[in-house]
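Asks: Could you have a look at this structure, given as structure tokens, before my questions?
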Amino acid sequence: MEILYRYRDYLSTYSIATQKTYLECVSLYLNYLKEVYGKVNIIIICNVTEADIFNYLAYMEGLSKNSKKIRIYAIKNFYSYLKIRQDLFEDIKLYNYGKKVPYSLTSSQCKQLINYYHDKRNRLIIYLFLTTGIRLNELAEIIIDNVDFVNKSIKIMCKGRVERVVLINDKCRDMIQDYATEGKLFKIGKAQIRNIVENAMKSLGYKGTPHTLRHSFASIMYQETHDIRLVQELLGHKSILSTQIYTHINSEQVKNAVESNPLANYGGNLWKLIY
């Protein structure tokens, strides 16, 4: 690609080793864009989004933290040469990408966990964790008045006492309607909810806590959407791109992602054991 030849000239003042490394890294990045968009040209290069960069980081799964840093430095240098899009790198904190991926359950294991309890309350607790990625504190405080059955959402208070909206699928809404009474959705404390989850997991030979189910949700959703930024929004993290929920993501895209969870339509009768 001609732009690589011009970029090589730009690197002429760098050491031979750096020239070789940066050219190789940028070439790999351009090949990635070609895979994603079907072609690569200056228009695509100039119009990539923050999501493209974060998804490229995810695409580099398996590389060491240092290798990821080098590739990102090279890409940043490439855009510096082009004199465009330095904003793409403002929110990248590479130290977060060297962490070990948390333990999570597979879709098959999640289904076994959903099936473990016949009791409506306990099954709903498991299902909410696995289809919303909600935190233990958030789940324990759900109030029926904050459940919007029409728009399929739950208003919750997350970390830092910040209000956010969690979207639910049709089956989850129906399960809540079938179980719900007034006041708090669950009339038990966090310790009891934790025991419900951990007892089921231990009995099935799995290890983990309610937070493991949150990690499982995130893992499944990334496999379905291949969009790291979207998953961050669904989890309610303080976004690495923005602190505002849904600011940069189309709400319809978020709803579609929730419905795409393979557990969303799992099974027939809500409360019977499902095979």
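Chain lettering (A, B, ...) mirrors the order of the structure tokens, residue numbering begins at 1 for each chain separately, and ligand numbering begins at 1 in order of display.
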Any idea what's packed within 10 Å of Gly183 of chain A, counting only C-alpha atoms, ignoring anything in its chain fewer than 6 positions away? Could you give it as a CSV table (one decimal) with N, CA, C and O atoms, in the first residue's frame?
Replies:
chain,number,residue,atom,x,y,z
A,141,GLU,N,-31.1,-4.8,45.7
A,141,GLU,CA,-31.8,-3.6,46.0
A,141,GLU,C,-32.9,-3.3,45.0
A,141,GLU,O,-33.5,-2.2,45.0
A,142,ILE,N,-33.2,-4.2,44.1
A,142,ILE,CA,-34.2,-4.0,43.0
A,142,ILE,C,-35.6,-3.8,43.7
A,142,ILE,O,-36.0,-4.6,44.5
A,143,ILE,N,-36.2,-2.7,43.3
A,143,ILE,CA,-37.6,-2.4,43.8
A,143,ILE,C,-38.6,-2.6,42.6
A,143,ILE,O,-38.3,-2.2,41.5
A,144,ILE,N,-39.7,-3.2,42.9
A,144,ILE,CA,-40.7,-3.5,41.9
A,144,ILE,C,-41.1,-2.2,41.1
A,144,ILE,O,-41.3,-2.2,39.9
A,145,ASP,N,-41.2,-1.1,41.8
A,145,ASP,CA,-41.6,0.1,41.2
A,145,ASP,C,-40.6,0.6,40.2
A,145,ASP,O,-40.9,1.4,39.3
A,146,ASN,N,-39.4,0.1,40.2
A,146,ASN,CA,-38.3,0.5,39.3
A,146,ASN,C,-38.2,-0.4,38.1
A,146,ASN,O,-37.3,-0.3,37.3
Asks: Give me the residues near Phe217 of chain A as a PyMOL selection string, where near means some atom within 10 Å (using only C-alpha atoms) and where sequence neighbours in that chain fewer than 5 positions away do not count.
Replies: chain A and resi 104-107+110+129-134+211-212+222-223+231+234-235+261+263
Asks: Could you save those same residues with N, CA, C and O atoms as a PDB file, in the first residue's frame?
Replies:
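Once written, again-v7.pdb looks like this:
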ATOM      1  N   SER A 104     -14.959 -17.535  34.031  1.00  0.00           N
ATOM      2  CA  SER A 104     -16.382 -17.426  33.718  1.00  0.00           C
ATOM      3  C   SER A 104     -16.902 -18.765  33.224  1.00  0.00           C
ATOM      4  O   SER A 104     -16.131 -19.639  32.823  1.00  0.00           O
ATOM      5  N   LEU A 105     -18.219 -18.915  33.251  1.00  0.00           N
ATOM      6  CA  LEU A 105     -18.864 -20.141  32.811  1.00  0.00           C
ATOM      7  C   LEU A 105     -19.157 -20.086  31.320  1.00  0.00           C
ATOM      8  O   LEU A 105     -19.323 -19.008  30.749  1.00  0.00           O
ATOM      9  N   THR A 106     -19.251 -21.240  30.701  1.00  0.00           N
ATOM     10  CA  THR A 106     -19.656 -21.324  29.302  1.00  0.00           C
ATOM     11  C   THR A 106     -21.174 -21.218  29.222  1.00  0.00           C
ATOM     12  O   THR A 106     -21.882 -21.316  30.236  1.00  0.00           O
ATOM     13  N   SER A 107     -21.703 -21.038  28.014  1.00  0.00           N
ATOM     14  CA  SER A 107     -23.157 -20.986  27.832  1.00  0.00           C
ATOM     15  C   SER A 107     -23.817 -22.258  28.336  1.00  0.00           C
ATOM     16  O   SER A 107     -24.870 -22.224  28.978  1.00  0.00           O
ATOM     17  N   CYS A 110     -23.916 -22.262  32.052  1.00  0.00           N
ATOM     18  CA  CYS A 110     -24.915 -21.287  32.507  1.00  0.00           C
ATOM     19  C   CYS A 110     -26.321 -21.893  32.460  1.00  0.00           C
ATOM     20  O   CYS A 110     -27.134 -21.686  33.360  1.00  0.00           O
ATOM     21  N   PHE A 129     -28.772 -12.513  37.074  1.00  0.00           N
ATOM     22  CA  PHE A 129     -27.312 -12.362  37.043  1.00  0.00           C
ATOM     23  C   PHE A 129     -26.766 -12.675  35.649  1.00  0.00           C
ATOM     24  O   PHE A 129     -25.930 -11.944  35.121  1.00  0.00           O
ATOM     25  N   LEU A 130     -27.236 -13.759  35.063  1.00  0.00           N
ATOM     26  CA  LEU A 130     -26.653 -14.246  33.813  1.00  0.00           C
ATOM     27  C   LEU A 130     -27.126 -13.517  32.563  1.00  0.00           C
ATOM     28  O   LEU A 130     -26.471 -13.592  31.528  1.00  0.00           O
ATOM     29  N   THR A 131     -28.249 -12.821  32.635  1.00  0.00           N
ATOM     30  CA  THR A 131     -28.760 -12.147  31.431  1.00  0.00           C
ATOM     31  C   THR A 131     -28.701 -10.626  31.503  1.00  0.00           C
ATOM     32  O   THR A 131     -29.051  -9.950  30.545  1.00  0.00           O
ATOM     33  N   THR A 132     -28.225 -10.091  32.640  1.00  0.00           N
ATOM     34  CA  THR A 132     -28.065  -8.638  32.732  1.00  0.00           C
ATOM     35  C   THR A 132     -26.654  -8.233  33.144  1.00  0.00           C
ATOM     36  O   THR A 132     -26.263  -7.087  32.934  1.00  0.00           O
ATOM     37  N   GLY A 133     -25.894  -9.157  33.764  1.00  0.00           N
ATOM     38  CA  GLY A 133     -24.562  -8.795  34.250  1.00  0.00           C
ATOM     39  C   GLY A 133     -24.628  -7.904  35.474  1.00  0.00           C
ATOM     40  O   GLY A 133     -23.643  -7.249  35.834  1.00  0.00           O
ATOM     41  N   ILE A 134     -25.776  -7.892  36.138  1.00  0.00           N
ATOM     42  CA  ILE A 134     -25.979  -7.017  37.292  1.00  0.00           C
ATOM     43  C   ILE A 134     -25.081  -7.441  38.457  1.00  0.00           C
ATOM     44  O   ILE A 134     -24.713  -8.598  38.590  1.00  0.00           O
ATOM     45  N   HIS A 211     -20.274 -12.653  41.335  1.00  0.00           N
ATOM     46  CA  HIS A 211     -19.492 -11.852  40.395  1.00  0.00           C
ATOM     47  C   HIS A 211     -18.994 -12.701  39.222  1.00  0.00           C
ATOM     48  O   HIS A 211     -18.756 -12.186  38.133  1.00  0.00           O
ATOM     49  N   THR A 212     -18.845 -13.999  39.449  1.00  0.00           N
ATOM     50  CA  THR A 212     -18.469 -14.906  38.364  1.00  0.00           C
ATOM     51  C   THR A 212     -19.558 -14.920  37.294  1.00  0.00           C
ATOM     52  O   THR A 212     -19.264 -15.013  36.099  1.00  0.00           O
ATOM     53  N   TYR A 222     -19.698 -10.651  24.731  1.00  0.00           N
ATOM     54  CA  TYR A 222     -18.628 -10.302  23.793  1.00  0.00           C
ATOM     55  C   TYR A 222     -18.568 -11.309  22.641  1.00  0.00           C
ATOM     56  O   TYR A 222     -18.376 -10.934  21.486  1.00  0.00           O
ATOM     57  N   GLN A 223     -18.774 -12.576  22.955  1.00  0.00           N
ATOM     58  CA  GLN A 223     -18.775 -13.600  21.909  1.00  0.00           C
ATOM     59  C   GLN A 223     -19.894 -13.343  20.892  1.00  0.00           C
ATOM     60  O   GLN A 223     -19.745 -13.625  19.709  1.00  0.00           O
ATOM     61  N   VAL A 231     -20.115  -4.023  25.432  1.00  0.00           N
ATOM     62  CA  VAL A 231     -20.174  -4.848  26.636  1.00  0.00           C
ATOM     63  C   VAL A 231     -19.913  -3.998  27.873  1.00  0.00           C
ATOM     64  O   VAL A 231     -20.549  -4.175  28.921  1.00  0.00           O
ATOM     65  N   LEU A 234     -23.076  -2.281  28.711  1.00  0.00           N
ATOM     66  CA  LEU A 234     -24.063  -3.212  29.272  1.00  0.00           C
ATOM     67  C   LEU A 234     -23.744  -3.546  30.723  1.00  0.00           C
ATOM     68  O   LEU A 234     -24.644  -3.742  31.542  1.00  0.00           O
ATOM     69  N   LEU A 235     -22.454  -3.595  31.054  1.00  0.00           N
ATOM     70  CA  LEU A 235     -22.043  -3.900  32.423  1.00  0.00           C
ATOM     71  C   LEU A 235     -22.213  -2.711  33.356  1.00  0.00           C
ATOM     72  O   LEU A 235     -22.212  -2.861  34.571  1.00  0.00           O
ATOM     73  N   ASN A 261     -28.384 -12.443  23.509  1.00  0.00           N
ATOM     74  CA  ASN A 261     -27.821 -13.370  24.488  1.00  0.00           C
ATOM     75  C   ASN A 261     -28.458 -14.742  24.285  1.00  0.00           C
ATOM     76  O   ASN A 261     -29.682 -14.859  24.285  1.00  0.00           O
ATOM     77  N   LEU A 263     -29.039 -17.045  26.139  1.00  0.00           N
ATOM     78  CA  LEU A 263     -29.884 -17.484  27.244  1.00  0.00           C
ATOM     79  C   LEU A 263     -31.230 -16.768  27.252  1.00  0.00           C
ATOM     80  O   LEU A 263     -32.118 -17.115  28.028  1.00  0.00           O
TER      81      LEU A 263
END
Asks: Residues near Ile3 of chain A, anyone? I mean within 12 Å using only C-alpha atoms, not counting same-chain ones fewer than 2 positions away, as a list in words.
Replies: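 Returned residues: Met1, Tyr5, Arg6, Tyr7, Arg8, Asp9, Tyr10, Leu23, Val26, Ser27, Leu30, Val40, Asn41, Ile42, Ile45, Phe78, Tyr79, Tyr81 and Leu82 of chain A.
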Asks: Contacts of Arg123 of chain A at 10 Å or less, counting only C-alpha atoms, minus same-chain residues fewer than 2 places along, as a list of chain:residue names?
Replies: A:Leu113, A:Ile114, A:Asn115, A:Tyr116, A:Tyr117, A:His118, A:Asp119, A:Lys120, A:Arg121, A:Ile125, A:Ile126, A:Tyr127, A:Leu128, A:Met175, A:Ile196, A:Val197, A:Leu270, A:Trp271
Asks: Put those residues in a file: N, CA, C and O atoms, as a tab-separated table (two decimals), in the first residue's frame.
Replies:
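The new file out-v6.tsv reads:
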chain	number	residue	atom	x	y	z
A	113	LEU	N	-26.83	-24.11	35.31
A	113	LEU	CA	-27.02	-23.34	36.53
A	113	LEU	C	-28.45	-22.81	36.62
A	113	LEU	O	-29.06	-22.82	37.69
A	114	ILE	N	-28.98	-22.33	35.50
A	114	ILE	CA	-30.36	-21.85	35.46
A	114	ILE	C	-31.32	-22.97	35.84
A	114	ILE	O	-32.32	-22.76	36.53
A	115	ASN	N	-31.03	-24.17	35.41
A	115	ASN	CA	-31.89	-25.33	35.66
A	115	ASN	C	-31.78	-25.87	37.07
A	115	ASN	O	-32.61	-26.70	37.48
A	116	TYR	N	-30.78	-25.45	37.82
A	116	TYR	CA	-30.51	-26.08	39.10
A	116	TYR	C	-31.67	-25.93	40.08
A	116	TYR	O	-32.05	-26.89	40.77
A	117	TYR	N	-32.23	-24.74	40.17
A	117	TYR	CA	-33.33	-24.50	41.10
A	117	TYR	C	-34.69	-24.60	40.42
A	117	TYR	O	-34.88	-24.09	39.32
A	118	HIS	N	-35.66	-25.23	41.11
A	118	HIS	CA	-37.05	-25.23	40.65
A	118	HIS	C	-37.80	-24.07	41.28
A	118	HIS	O	-38.82	-23.63	40.76
A	119	ASP	N	-37.30	-23.60	42.41
A	119	ASP	CA	-37.89	-22.48	43.12
A	119	ASP	C	-37.85	-21.21	42.26
A	119	ASP	O	-36.82	-20.86	41.69
A	120	LYS	N	-38.98	-20.52	42.16
A	120	LYS	CA	-39.08	-19.34	41.29
A	120	LYS	C	-38.09	-18.25	41.67
A	120	LYS	O	-37.42	-17.68	40.80
A	121	ARG	N	-38.01	-17.96	42.96
A	121	ARG	CA	-37.12	-16.88	43.41
A	121	ARG	C	-35.67	-17.19	43.07
A	121	ARG	O	-34.96	-16.34	42.49
A	125	ILE	N	-33.15	-15.26	40.42
A	125	ILE	CA	-31.89	-14.65	40.84
A	125	ILE	C	-30.76	-15.06	39.90
A	125	ILE	O	-30.00	-14.21	39.40
A	126	ILE	N	-30.65	-16.35	39.64
A	126	ILE	CA	-29.61	-16.85	38.73
A	126	ILE	C	-29.79	-16.25	37.34
A	126	ILE	O	-28.82	-15.80	36.71
A	127	TYR	N	-31.03	-16.23	36.87
A	127	TYR	CA	-31.30	-15.76	35.51
A	127	TYR	C	-30.99	-14.27	35.36
A	127	TYR	O	-30.44	-13.84	34.34
A	128	LEU	N	-31.33	-13.49	36.36
A	128	LEU	CA	-31.03	-12.05	36.31
A	128	LEU	C	-29.52	-11.81	36.24
A	128	LEU	O	-29.05	-10.99	35.45
A	175	MET	N	-40.68	-13.62	33.88
A	175	MET	CA	-40.33	-14.28	35.14
A	175	MET	C	-40.54	-13.33	36.32
A	175	MET	O	-41.05	-13.73	37.37
A	196	ILE	N	-27.25	-18.63	47.70
A	196	ILE	CA	-28.07	-19.29	46.68
A	196	ILE	C	-27.22	-19.58	45.44
A	196	ILE	O	-27.26	-20.68	44.88
A	197	VAL	N	-26.44	-18.60	45.03
A	197	VAL	CA	-25.59	-18.76	43.85
A	197	VAL	C	-24.46	-19.75	44.11
A	197	VAL	O	-24.23	-20.68	43.33
A	270	LEU	N	-41.33	-21.41	31.90
A	270	LEU	CA	-40.37	-20.61	32.67
A	270	LEU	C	-39.81	-21.32	33.88
A	270	LEU	O	-38.68	-21.09	34.28
A	271	TRP	N	-40.61	-22.17	34.49
A	271	TRP	CA	-40.20	-22.68	35.79
A	271	TRP	C	-39.92	-24.18	35.81
A	271	TRP	O	-39.42	-24.70	36.79
Asks: Neighbouring residues of Gly208 of chain A were defined as those with any atom within 12 Å, considering only C-alpha atoms; residues of the same chain fewer than 6 positions away were excluded. Please report them as a PyMOL selection string.
Replies: chain A and resi 102-105+194-202+214-216
